[in-house]
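> Structure in structure tokens, see below.
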Amino acid sequence: MIATSIAISAVYTLLATLAFIAGYRAVRHSQRALTLYGFVAMVLRMLSAALVVIVFLVVVDDNLWRRTFIIIFSLFYLVMLIFDVVFYIRSQKQVNNNKNE
């Protein structure tokens with residue numbers, strides 16, 4: 001139960017992060033596109049995370065497993081969100097530093 005919840009959360013986090021990085025590489029040279037991409041990527045990630053949780057809640061009948069999954073998935077999501085915000089802030093600082101030079 002716990003191992004499966006961790007595995008599902010880890011796979012989601014990995015796929016979402018890889019998609020975020022691929023999109024970032026495509027738009028990193030345009031300041032305007034980068035700003036818009038940051039917001040769109042976070043909204044899409046939130047919607048996809050909600051979809052994963054809803055599908056899991058529909059598929060699984062055990063309430064204890066549901067609670068365990070939601071807690072573990074939320075922790076993974078929170079860590080991923082912190083990573084993305086720090087990454088986005090650092091990339092914006094780099095862009096601003098390159099503009100000032």
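Please note that chains go A, B, ... in the order of the structure tokens, that every chain numbers its residues from 1, and that ligands are numbered from 1 in the order shown.
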Taking only residues of segment 17-52 of chain A that have an atom at most 9 Å from an atom of segment 84-89 of chain A, what is each one's shortest atom pair and its distance in Å to one decimal, using only C-alpha atoms, in chain and number order, as a tab-separated table?


```
residue	atom	partner	partner_atom	distance
A:Thr17	CA	A:Asp84	CA	8.4
A:Phe20	CA	A:Asp84	CA	8.6
A:Gly38	CA	A:Tyr88	CA	7.1
A:Met42	CA	A:Asp84	CA	8.5
```

> What does the structure give for the distance between atom CA of Leu78 of chain A and atom CA of Ala19 of chain A, in Å to one decimal?

17.2 Å
